[in-house]
Structure formats: structure tokens, C-alpha cells
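J.: Contents of protein38.txt (compact mmCIF, C-alpha atoms) are below:
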# COMPACT_ATOMS: atom_id res chain seq x y z
CA MET A 1 -16.19 17.62 7.37
CA LEU A 2 -19.00 19.83 6.23
CA ALA A 3 -21.48 18.86 8.91
CA PRO A 4 -22.54 22.43 9.79
CA PHE A 5 -23.93 23.02 6.31
CA CYS A 6 -23.77 19.80 4.28
CA ALA A 7 -26.29 19.64 1.46
CA TYR A 8 -27.07 15.95 1.77
CA GLY A 9 -28.65 16.14 5.21
CA ILE A 10 -28.75 13.31 7.72
CA GLY A 11 -27.94 9.70 6.77
CA PRO A 12 -27.67 6.83 6.91
CA TYR A 13 -26.19 6.44 3.44
CA MET A 14 -25.46 3.05 1.98
CA LEU A 15 -23.60 1.79 -1.06
CA THR A 16 -24.34 -1.86 -1.81
CA VAL A 17 -23.00 -4.23 -4.44
CA GLN A 18 -24.84 -7.44 -5.28
CA GLN A 19 -23.47 -10.23 -7.47
CA LEU A 20 -21.50 -7.71 -9.51
CA CYS A 21 -19.74 -8.87 -12.67
CA VAL A 22 -17.88 -6.36 -14.84
CA ALA A 23 -16.18 -6.97 -18.18
CA TYR A 24 -13.80 -4.81 -20.18
CA GLN A 25 -13.29 -5.43 -23.89
CA LYS A 26 -15.16 -8.74 -23.55
CA GLN A 27 -12.86 -9.92 -20.75
CA ARG A 28 -14.48 -10.34 -17.35
CA ILE A 29 -12.60 -8.43 -14.67
CA LEU A 30 -14.89 -8.75 -11.62
CA HIS A 31 -16.71 -11.92 -10.62
CA ASN A 32 -19.78 -12.05 -8.36
CA ILE A 33 -18.83 -9.26 -5.98
CA ASP A 34 -21.02 -8.71 -2.89
CA LEU A 35 -20.20 -5.71 -0.70
CA GLU A 36 -21.83 -3.17 1.58
CA PHE A 37 -20.41 0.21 2.53
CA SER A 38 -21.93 2.20 5.36
CA SER A 39 -21.85 5.98 5.56
CA SER A 40 -18.71 6.39 7.68
CA GLY A 41 -15.22 4.99 8.06
CA PHE A 42 -12.28 4.21 5.81
CA THR A 43 -12.30 1.14 3.56
CA ALA A 44 -9.13 0.23 1.67
CA LEU A 45 -9.17 -1.91 -1.47
CA VAL A 46 -5.93 -3.87 -1.81
CA GLY A 47 -4.69 -6.54 -4.17
CA ALA A 48 -2.09 -7.32 -6.78
CA ASN A 49 -1.96 -5.47 -10.09
CA GLY A 50 -4.84 -6.56 -12.30
CA SER A 51 -6.96 -7.85 -9.41
CA GLY A 52 -9.84 -5.49 -10.25
CA LYS A 53 -9.46 -2.74 -7.65
CA THR A 54 -9.74 0.22 -10.02
CA THR A 55 -12.47 -1.49 -12.03
CA LEU A 56 -14.49 -1.93 -8.83
CA LEU A 57 -13.96 1.70 -7.83
CA HIS A 58 -15.00 2.98 -11.26
CA THR A 59 -18.11 0.80 -11.19
CA LEU A 60 -19.06 2.12 -7.75
CA ALA A 61 -18.76 5.64 -9.17
CA GLY A 62 -21.01 4.83 -12.13
CA LEU A 63 -18.18 5.22 -14.65
CA LEU A 64 -18.41 1.57 -15.76
CA LYS A 65 -21.54 -0.47 -16.34
CA ALA A 66 -22.00 -3.88 -14.79
CA GLU A 67 -22.27 -6.90 -17.04
CA GLN A 68 -24.32 -8.60 -14.35
CA GLY A 69 -25.47 -7.65 -10.87
CA ARG A 70 -26.29 -4.26 -9.42
CA VAL A 71 -24.87 -1.33 -7.50
CA TYR A 72 -27.39 0.27 -5.14
CA LEU A 73 -27.01 3.75 -3.69
CA ASN A 74 -29.33 4.35 -0.74
CA GLY A 75 -31.48 1.45 -1.92
CA LYS A 76 -31.83 2.74 -5.49
CA ASN A 77 -30.18 1.20 -8.55
CA LEU A 78 -27.22 3.39 -9.50
CA ASN A 79 -28.26 3.14 -13.17
CA ASN A 80 -31.44 5.05 -12.32
CA TYR A 81 -29.53 8.11 -11.14
CA SER A 82 -28.54 10.94 -13.46
CA LYS A 83 -24.87 11.86 -13.57
CA LYS A 84 -25.59 15.01 -11.61
CA GLU A 85 -27.50 13.04 -8.96
CA ILE A 86 -24.58 10.64 -8.60
CA ALA A 87 -22.20 13.58 -8.28
CA ARG A 88 -24.21 14.80 -5.30
CA GLU A 89 -23.70 11.46 -3.55
CA LEU A 90 -20.29 10.23 -4.74
CA ALA A 91 -17.07 12.16 -5.38
CA MET A 92 -14.21 10.37 -7.08
CA LEU A 93 -10.55 11.23 -7.62
CA PRO A 94 -8.95 8.98 -10.27
CA GLN A 95 -5.36 7.85 -10.14
CA ILE A 96 -4.21 9.94 -13.09
CA THR A 97 -5.36 13.55 -13.24
CA ALA A 98 -4.21 15.77 -16.09
CA THR A 99 -2.86 19.10 -14.91
CA PRO A 100 -5.24 21.79 -16.22
CA ILE A 101 -3.15 24.53 -17.79
CA GLY A 102 -4.26 28.07 -17.07
CA LEU A 103 -6.45 27.34 -14.04
CA THR A 104 -5.57 28.63 -10.60
CA ALA A 105 -6.01 26.48 -7.51
CA ARG A 106 -9.11 28.50 -6.64
CA GLU A 107 -10.70 27.92 -10.06
CA LEU A 108 -10.01 24.19 -9.93
CA ILE A 109 -11.50 23.75 -6.47
CA MET A 110 -14.59 25.80 -7.35
CA GLN A 111 -15.46 23.23 -10.02
CA GLY A 112 -16.35 20.81 -7.24
CA ARG A 113 -19.53 22.80 -6.61
CA PHE A 114 -20.87 22.19 -10.12
CA PRO A 115 -23.32 19.38 -9.13
CA TRP A 116 -25.13 21.81 -6.81
CA GLN A 117 -25.44 24.65 -9.30
CA SER A 118 -27.96 25.46 -12.00
CA TRP A 119 -27.97 27.82 -14.96
CA TRP A 120 -29.80 30.48 -12.91
CA ASN A 121 -27.69 30.00 -9.76
CA GLN A 122 -24.03 29.62 -10.67
CA TRP A 123 -22.40 30.53 -7.35
CA SER A 124 -24.39 30.94 -4.16
CA ASP A 125 -23.66 32.01 -0.60
CA ASP A 126 -23.75 28.31 0.35
CA ASP A 127 -21.09 27.57 -2.26
CA GLU A 128 -18.91 30.33 -0.86
CA GLN A 129 -19.38 29.14 2.71
CA ILE A 130 -18.45 25.56 1.89
CA PHE A 131 -15.50 26.69 -0.24
CA ASP A 132 -14.09 28.88 2.54
CA PHE A 133 -14.54 26.15 5.13
CA VAL A 134 -12.73 23.54 3.04
CA ILE A 135 -9.73 25.62 2.02
CA LYS A 136 -9.15 26.64 5.64
CA SER A 137 -9.57 23.07 6.86
CA ILE A 138 -7.14 21.68 4.27
CA GLY A 139 -4.77 24.61 4.59
CA ILE A 140 -4.33 25.86 1.04
CA GLU A 141 -5.13 29.55 1.47
CA ASP A 142 -1.58 30.62 0.65
CA TYR A 143 -1.62 29.42 -2.96
CA LEU A 144 -5.26 29.75 -4.02
CA ASP A 145 -4.40 32.19 -6.81
CA THR A 146 -1.37 30.25 -8.07
CA PRO A 147 -1.69 28.41 -11.41
CA ILE A 148 -2.00 24.67 -10.87
CA GLU A 149 0.98 23.90 -13.10
CA GLN A 150 3.23 25.95 -10.81
CA LEU A 151 2.40 23.98 -7.67
CA SER A 152 4.37 21.09 -6.24
CA GLY A 153 3.01 17.56 -6.49
CA GLY A 154 1.86 17.62 -2.87
CA GLN A 155 0.17 21.01 -3.21
CA ARG A 156 -1.52 19.94 -6.42
CA GLN A 157 -2.86 16.77 -4.84
CA ARG A 158 -4.26 18.77 -1.93
CA CYS A 159 -6.11 20.94 -4.46
CA TRP A 160 -7.64 17.88 -6.12
CA ILE A 161 -8.69 16.58 -2.69
CA ALA A 162 -10.18 19.99 -1.88
CA MET A 163 -12.14 19.93 -5.14
CA ILE A 164 -13.84 16.64 -4.28
CA VAL A 165 -14.42 17.69 -0.66
CA VAL A 166 -16.25 20.87 -1.68
CA GLN A 167 -18.42 18.60 -3.79
CA ASP A 168 -19.91 17.79 -0.39
CA THR A 169 -20.86 14.14 -0.83
CA PRO A 170 -21.30 11.39 1.77
CA PHE A 171 -18.93 9.08 -0.16
CA ILE A 172 -15.42 9.88 -1.42
CA LEU A 173 -13.69 7.40 -3.75
CA LEU A 174 -9.92 7.63 -4.23
CA ASP A 175 -7.75 5.66 -6.64
CA GLU A 176 -4.18 5.46 -5.32
CA PRO A 177 -4.21 9.00 -3.90
CA THR A 178 -0.54 8.90 -2.79
CA THR A 179 0.87 7.98 -6.21
CA TYR A 180 3.85 10.14 -7.24
CA LEU A 181 4.16 11.72 -3.77
CA ASP A 182 7.24 11.47 -1.57
CA ILE A 183 6.92 9.89 1.87
CA SER A 184 6.40 13.21 3.66
CA HIS A 185 3.56 14.25 1.35
CA GLN A 186 2.08 10.74 1.51
CA VAL A 187 1.79 10.92 5.30
CA GLU A 188 0.40 14.45 5.11
CA LEU A 189 -2.24 13.40 2.59
CA MET A 190 -3.22 10.22 4.43
CA ASN A 191 -3.64 12.21 7.66
CA LEU A 192 -5.88 14.62 5.77
CA ILE A 193 -7.98 11.76 4.40
CA ALA A 194 -8.25 10.24 7.88
CA SER A 195 -9.48 13.57 9.24
CA LEU A 196 -12.26 13.58 6.63
CA CYS A 197 -13.35 10.18 7.92
CA MET A 198 -13.38 11.39 11.49
CA GLN A 199 -15.71 14.18 10.45
CA GLY A 200 -18.30 11.93 8.83
CA LYS A 201 -17.13 11.13 5.31
CA LYS A 202 -17.04 7.57 4.00
CA ILE A 203 -13.73 6.95 2.24
CA ILE A 204 -13.23 4.07 -0.20
CA ALA A 205 -9.66 4.05 -1.49
CA VAL A 206 -7.45 1.85 -3.63
CA LEU A 207 -4.07 1.65 -1.89
CA HIS A 208 -0.91 -0.15 -3.01
CA ASP A 209 0.99 0.40 0.23
CA LEU A 210 -0.19 -2.36 2.55
CA ASN A 211 1.23 -0.73 5.64
CA GLN A 212 -0.58 2.53 4.85
CA ALA A 213 -3.80 0.56 4.43
CA ALA A 214 -3.30 -1.15 7.78
CA ALA A 215 -2.43 2.12 9.52
CA TYR A 216 -5.35 4.22 8.26
CA ALA A 217 -8.22 1.95 7.21
CA ASP A 218 -11.01 0.65 9.41
CA LYS A 219 -11.75 -2.15 6.96
CA LEU A 220 -9.72 -4.00 4.34
CA ILE A 221 -11.07 -5.65 1.20
CA MET A 222 -8.51 -7.93 -0.44
CA LEU A 223 -9.14 -8.78 -4.07
CA LYS A 224 -7.56 -11.61 -6.03
CA GLN A 225 -8.19 -12.27 -9.72
CA GLY A 226 -11.39 -10.25 -9.74
CA LYS A 227 -12.90 -11.85 -6.66
CA ILE A 228 -13.05 -10.90 -2.99
CA PHE A 229 -10.51 -13.06 -1.22
CA THR A 230 -11.32 -11.69 2.23
CA GLN A 231 -12.74 -8.61 3.91
CA GLY A 232 -13.08 -7.34 7.44
CA SER A 233 -11.25 -5.43 10.12
CA VAL A 234 -7.52 -4.84 9.82
CA LYS A 235 -6.95 -7.13 12.80
CA ASP A 236 -8.79 -10.02 11.12
CA THR A 237 -7.54 -9.61 7.55
CA PHE A 238 -3.99 -8.25 7.79
CA THR A 239 -2.27 -11.60 8.28
CA SER A 240 0.78 -13.25 6.78
CA GLU A 241 -1.42 -16.03 5.41
CA ASN A 242 -3.76 -13.65 3.57
CA ILE A 243 -0.91 -11.54 2.21
CA LYS A 244 0.83 -14.68 0.96
CA ALA A 245 -2.34 -15.88 -0.76
CA VAL A 246 -3.14 -12.52 -2.39
CA PHE A 247 0.32 -11.16 -3.21
CA ASP A 248 2.42 -14.35 -3.22
CA ILE A 249 5.00 -12.89 -0.85
CA THR A 250 6.17 -14.12 2.53
CA THR A 251 5.92 -11.60 5.35
CA ASN A 252 6.26 -11.22 9.06
CA ILE A 253 3.60 -9.12 10.78
CA ILE A 254 5.04 -7.00 13.57
CA THR A 255 3.52 -4.28 15.73
CA CYS A 256 4.70 -0.70 15.61
CA PRO A 257 5.86 0.16 19.15
CA HIS A 258 4.70 3.76 18.79
CA THR A 259 1.25 3.43 17.18
CA GLY A 260 0.31 -0.20 17.77
CA ASN A 261 -0.43 -0.58 14.05
CA PRO A 262 0.48 -3.86 12.34
CA ILE A 263 3.34 -3.71 9.84
CA CYS A 264 4.17 -6.34 7.24
CA VAL A 265 7.85 -6.99 6.61
CA PRO A 266 8.51 -9.02 3.43
CA PHE A 267 11.34 -11.53 3.36
CA THR A 268 12.48 -14.56 1.39
CA GLU A 269 13.77 -17.87 2.61
CA GLU A 270 17.04 -17.15 0.83
CA SER A 271 17.50 -13.88 2.71
CA ALA A 272 16.67 -15.57 6.00
CA LEU A 273 19.25 -18.26 5.33
CA GLN A 274 21.77 -15.60 4.36
CA LYS A 275 21.15 -13.79 7.65
CA THR A 276 21.68 -17.06 9.50
CA ASP A 277 24.92 -17.72 7.65
CA ASP A 278 26.12 -14.17 8.26
CA SER A 279 25.63 -14.61 11.99
CA LYS A 280 28.15 -17.43 12.13
CA PRO A 281 31.77 -16.65 13.07
CA LYS A 282 33.99 -16.01 10.09
CA ILE A 283 37.68 -16.86 9.76
CA ALA A 284 39.71 -14.47 7.70
CA LEU A 285 42.62 -15.91 5.71
CA VAL A 286 45.53 -13.60 5.12
Could you write out this file's structure as C-alpha cells?
T.:
Amino acid sequence: MLAPFCAYGIGPYMLTVQQLCVAYQKQRILHNIDLEFSSSGFTALVGANGSGKTTLLHTLAGLLKAEQGRVYLNGKNLNNYSKKEIARELAMLPQITATPIGLTARELIMQGRFPWQSWWNQWSDDDEQIFDFVIKSIGIEDYLDTPIEQLSGGQRQRCWIAMIVVQDTPFILLDEPTTYLDISHQVELMNLIASLCMQGKKIIAVLHDLNQAAAYADKLIMLKQGKIFTQGSVKDTFTSENIKAVFDITTNIITCPHTGNPICVPFTEESALQKTDDSKPKIALV
């Protein structure tokens, strides 16, 4: 999105995971994960609750340490980066963000430029240029000077997205970005995220809505019990068999007549039988 003046220059940028094992409170959450993320496109992490999606995302961002294995950023062990160096390469928006009381939208978004500043250069012309470009692109000029706590959920989420976009990193990591949003704001936000991808950002997002993942992602990674069950293109991975194995639900995969995107429709054998029974002629006794 910031190609005319991005600070990180010309790629390629790579994020690689090798034999990653991560434990939390002595309980192993991730088991022998091998992944590679290139510098463009939209990858969705999907799986049942407790499958390790958020743990994987936090480890990619350097927020959790691996028990075994390595995360490599541009060929360099992530552990060898300083926090500020990581923040120039990876921007992350967690699932739960506390609403900062007393900050305006402008002040919140400006914090995204912190990794590029120093004590002698707090706010530069480059910072201002990137800031202006992002707020116009995302469309939040009208409420820049409004306190965050007075904004709607959708407006607030756009501000958080703007904050990580002005951070100007090749990779953006999102943990359930549509949580707490109504369907209209979900679509609006997902379209915004897709536009970032189209302009060169690499998005890695945890999504609970399988149909959203299929509609917007270029690649799906399905996790089950801390392991990668399958990964690949939506066409290859978004199948009834895989969804049954990962989520233990029975689905039909249909095609949206308007977009061509696959859609999973859950059903149970009981409901199918009920539909069959309902289709039979009924005799009313009076």
C-alpha cells in the first residue's frame, strides 16, 4: 500500500518456520510446524478452538519463544532481531485490544510510526507523508480528532488497522480481525485487508469464519491439535473431507453464483432426514 515511499525497500521478504514446537505452561501447543510465507498474498490460519492458531501467530511475531525449532525472517533467526527491528518487518494486531482512554484516532494511529523514530527524530516528513497516505486510503479523515472511546466498533477497528499499516512493514499479522463486528463491518474490513494484499502487503490472519477465509485468502493453513493438517490453495484445501477432519462437521461445498467462491454449508444427517420426511405428503386429521 505504501509502495511510493515504503521504508523497507524492495523484497523479496520471507518468513520461514522450521520444525517449530511451542509450549505454554509446560504444555506443548504446536508440534513440528514447517511453513514458508512469501512477501505477498493472503494466508488464512483456520482450525478448531485450541488448535494452536493464535499461538502460531504470536510466535511468528516474536511474542512467544519456541521450545524447539526456529522462525527465520529474511534468512535470519527471529531471536537475533531486536524488538524494534522486528517491528520494522512485522506488524501485528491481536484479537483483543484494550480501548485507550483519552487518545484520539490520530494519536493512536501515529503510534504506528514508533519503530522508525529515534529520540532525536520523533516525527519526520516521511512519517507525515505515510500517515496522510494511509488515512486517506482507509477513509478515516472524518473522525481523526475523535476520542477512540467515542467511535463505533467498526470505526475503532479501522483505526487499529491504520495504526499497523502506517507501521509500514512487509508482513501484517491479524488475529481474528472481524471479531465483535457486525456483518456489514466485517465485509468492509475484509475488503480493506484484501486491498492491502493487492498493493503488496503479506497478510497472515487467523479467521474463524471459513467462508470468509475461502472468499479472501490465497492460501489456507488448516491446523488440528497443534499440527498442520493440510495447507495449499483454497481450491485444494477447502473440501468437505478436510473440514470434517479438522472441525468434525459435515458440510456441502457449493459455489457462489455471483463470485465463484466456494461456500461450505453445514448440515447433519438428522436434518437431512427431517427435510426428506417434510417433503412427503401429509394428511391432516380433523
J.: Of the candidates A:Thr55, A:Tyr216, A:Leu196, A:Gln117, which one gets nearest to Ser137 of chain A if we count only C-alpha atoms?
T.: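 Smallest distance to Ser137 of chain A is found for A:Leu196.
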J.: For Glu89 of chain A, which residue among A:Val187, A:Ile249, A:Ile140, A:Met14 is the nearest when counting only C-alpha atoms?
T.: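 When distances to Glu89 of chain A are compared using only C-alpha atoms, the smallest one comes from A:Met14.
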J.: Would you kindly return, as a compact mmCIF listing (two decimals) with C-alpha atoms, in the frame of the given file, each protein, DNA or RNA residue with an atom no farther than 9 Å from any atom of segment 172-175 of chain A, considering all atoms listed in the file and excluding same-chain residues fewer than 2 positions away?
T.:
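See around_24.txt below for the written result:
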# COMPACT_ATOMS: atom_id res chain seq x y z
CA LYS A 53 -9.46 -2.74 -7.65
CA THR A 54 -9.74 0.22 -10.02
CA LEU A 57 -13.96 1.70 -7.83
CA HIS A 58 -15.00 2.98 -11.26
CA LEU A 60 -19.06 2.12 -7.75
CA ALA A 61 -18.76 5.64 -9.17
CA GLU A 89 -23.70 11.46 -3.55
CA LEU A 90 -20.29 10.23 -4.74
CA ALA A 91 -17.07 12.16 -5.38
CA MET A 92 -14.21 10.37 -7.08
CA LEU A 93 -10.55 11.23 -7.62
CA PRO A 94 -8.95 8.98 -10.27
CA GLN A 95 -5.36 7.85 -10.14
CA ILE A 96 -4.21 9.94 -13.09
CA ILE A 164 -13.84 16.64 -4.28
CA VAL A 165 -14.42 17.69 -0.66
CA THR A 169 -20.86 14.14 -0.83
CA PRO A 170 -21.30 11.39 1.77
CA PRO A 177 -4.21 9.00 -3.90
CA THR A 178 -0.54 8.90 -2.79
CA THR A 179 0.87 7.98 -6.21
CA LYS A 201 -17.13 11.13 5.31
CA LYS A 202 -17.04 7.57 4.00
CA ILE A 203 -13.73 6.95 2.24
CA ILE A 204 -13.23 4.07 -0.20
CA ALA A 205 -9.66 4.05 -1.49
CA VAL A 206 -7.45 1.85 -3.63
CA LEU A 207 -4.07 1.65 -1.89
J.: Give me, please, the distance in Å between atom CA of Glu128 of chain A and atom CA of Ala105 of chain A, quoted to one decimal.
T.: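 Pair atom CA of Glu128 of chain A / atom CA of Ala105 of chain A returns 15.0 Å.
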J.: Write out, as a tab-separated table, each residue of segment 215-257 of chain A that has an atom at most 10 Å from segment 38-42 of chain A, together with the closest pair of atoms and their distance in Å to one decimal, counting all atoms listed in the file, rows going by chain and rising number.
T.:
residue	atom	partner	partner_atom	distance
A:Tyr216	CA	A:Phe42	CA	7.4
A:Ala217	CA	A:Phe42	CA	4.9
A:Asp218	CA	A:Phe42	CA	5.2
A:Lys219	CA	A:Phe42	CA	6.5
A:Leu220	CA	A:Phe42	CA	8.7
J.: Go through A:Ala44, A:Val71, A:Leu35, A:Leu15 one by one, measure the shortest atom-to-atom distance of each to Ala213 of chain A using all atoms listed in the file, and give the residue with the smallest value.
T.: A:Ala44
J.: For the contact check between segment 198-239 of chain A and segment 17-31 of chain A, emit one row per residue of segment 198-239 of chain A within 8 Å, containing the shortest atom pair and the distance in Å rounded to one decimal, counting only C-alpha atoms, chain then rising number order, as a tab-separated table.
T.:
residue	atom	partner	partner_atom	distance
A:Gln225	CA	A:Ile29	CA	7.7
A:Gly226	CA	A:Leu30	CA	4.2
A:Lys227	CA	A:His31	CA	5.5
J.: Please dump the current selection as a PDB file, in the frame of the given file; keep C-alpha atoms.
T.:
ATOM      1  CA  GLN A 225      -8.190 -12.270  -9.720  1.00  0.00           C
ATOM      2  CA  GLY A 226     -11.390 -10.250  -9.740  1.00  0.00           C
ATOM      3  CA  LYS A 227     -12.900 -11.850  -6.660  1.00  0.00           C
TER       4      LYS A 227
END
J.: Could you jot down the atom CA of Arg70 of chain A to atom CA of Val46 of chain A separation for me, Å, one decimal place?
T.: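 We find that atom CA of Arg70 of chain A and atom CA of Val46 of chain A lie 21.7 Å from each other.
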J.: For atom CA of Ala245 of chain A and atom CA of Met222 of chain A, determine how far apart the two atoms are, in Å to one decimal place.
T.: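 Between atom CA of Ala245 of chain A and atom CA of Met222 of chain A the gap is 10.1 Å.
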J.: From the list A:Gln199, A:Gln150, A:Asn261, A:Ser233, which residue is nearest Asn211 of chain A when using all atoms listed in the file?
T.: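 Smallest separation from Asn211 of chain A among the options: A:Asn261.
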J.: From the options A:Ser184, A:Asp126, A:Cys197, A:Thr99, which residue's atoms come nearest to Leu151 of chain A, counting only C-alpha atoms?
T.: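 Closest to Leu151 of chain A, using only C-alpha atoms: A:Thr99.
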J.: Would you please work out which residue, of A:Pro262, A:Lys65, A:Leu56, A:Gly153, is nearest to Lys235 of chain A when using all atoms listed in the file?
T.: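 Using all atoms listed in the file, Lys235 of chain A sits closest to A:Pro262.
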J.: With all heavy atoms as the goal, would you fill in the gaps in segment 184-194 of chain A and present it as a compact mmCIF listing (two decimals), keeping the file's coordinate frame?
T.:
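Contents of the output file selection_20.txt:
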# COMPACT_ATOMS: atom_id res chain seq x y z
N SER A 184 6.92 12.14 2.82
CA SER A 184 6.40 13.21 3.66
C SER A 184 5.01 13.64 3.20
O SER A 184 4.08 13.78 4.01
CB SER A 184 7.36 14.41 3.64
OG SER A 184 6.81 15.50 4.36
N HIS A 185 4.85 13.84 1.88
CA HIS A 185 3.56 14.25 1.35
C HIS A 185 2.53 13.12 1.43
O HIS A 185 1.33 13.36 1.56
CB HIS A 185 3.70 14.75 -0.09
CG HIS A 185 4.32 16.11 -0.19
ND1 HIS A 185 5.60 16.32 -0.65
CD2 HIS A 185 3.83 17.33 0.13
CE1 HIS A 185 5.87 17.60 -0.62
NE2 HIS A 185 4.82 18.24 -0.15
N GLN A 186 3.00 11.87 1.35
CA GLN A 186 2.08 10.74 1.51
C GLN A 186 1.46 10.75 2.91
O GLN A 186 0.24 10.61 3.06
CB GLN A 186 2.82 9.42 1.28
CG GLN A 186 3.16 9.13 -0.16
CD GLN A 186 3.79 7.77 -0.34
OE1 GLN A 186 3.48 6.83 0.39
NE2 GLN A 186 4.70 7.66 -1.30
N VAL A 187 2.29 10.90 3.92
CA VAL A 187 1.79 10.92 5.30
C VAL A 187 0.85 12.10 5.51
O VAL A 187 -0.22 11.96 6.12
CB VAL A 187 2.96 10.97 6.29
CG1 VAL A 187 2.45 11.19 7.72
CG2 VAL A 187 3.78 9.68 6.21
N GLU A 188 1.22 13.25 4.98
CA GLU A 188 0.40 14.45 5.11
C GLU A 188 -0.98 14.22 4.48
O GLU A 188 -2.02 14.55 5.07
CB GLU A 188 1.11 15.61 4.44
CG GLU A 188 0.40 16.95 4.55
CD GLU A 188 1.16 18.05 3.83
OE1 GLU A 188 1.07 18.11 2.58
OE2 GLU A 188 1.84 18.84 4.49
N LEU A 189 -0.98 13.63 3.28
CA LEU A 189 -2.24 13.40 2.59
C LEU A 189 -3.08 12.35 3.29
O LEU A 189 -4.30 12.51 3.45
CB LEU A 189 -1.97 12.99 1.13
CG LEU A 189 -3.22 12.77 0.27
CD1 LEU A 189 -4.03 14.06 0.15
CD2 LEU A 189 -2.83 12.26 -1.11
N MET A 190 -2.47 11.27 3.75
CA MET A 190 -3.22 10.22 4.43
C MET A 190 -3.81 10.74 5.75
O MET A 190 -4.93 10.37 6.13
CB MET A 190 -2.33 9.01 4.68
CG MET A 190 -1.92 8.26 3.42
SD MET A 190 -3.31 7.68 2.41
CE MET A 190 -4.08 6.51 3.52
N ASN A 191 -3.08 11.61 6.44
CA ASN A 191 -3.64 12.21 7.66
C ASN A 191 -4.84 13.09 7.33
O ASN A 191 -5.83 13.12 8.08
CB ASN A 191 -2.57 13.04 8.37
CG ASN A 191 -1.53 12.18 9.06
OD1 ASN A 191 -1.78 11.01 9.36
ND2 ASN A 191 -0.36 12.74 9.32
N LEU A 192 -4.75 13.79 6.21
CA LEU A 192 -5.88 14.62 5.77
C LEU A 192 -7.09 13.76 5.47
O LEU A 192 -8.22 14.06 5.89
CB LEU A 192 -5.47 15.43 4.53
CG LEU A 192 -6.59 16.17 3.80
CD1 LEU A 192 -7.25 17.19 4.71
CD2 LEU A 192 -6.04 16.85 2.55
N ILE A 193 -6.88 12.66 4.74
CA ILE A 193 -7.98 11.76 4.40
C ILE A 193 -8.60 11.17 5.67
O ILE A 193 -9.82 11.06 5.81
CB ILE A 193 -7.49 10.65 3.45
CG1 ILE A 193 -7.10 11.27 2.09
CG2 ILE A 193 -8.56 9.59 3.25
CD1 ILE A 193 -6.38 10.31 1.17
N ALA A 194 -7.75 10.79 6.62
CA ALA A 194 -8.25 10.24 7.88
C ALA A 194 -9.10 11.27 8.63
O ALA A 194 -10.10 10.91 9.26
CB ALA A 194 -7.08 9.78 8.75
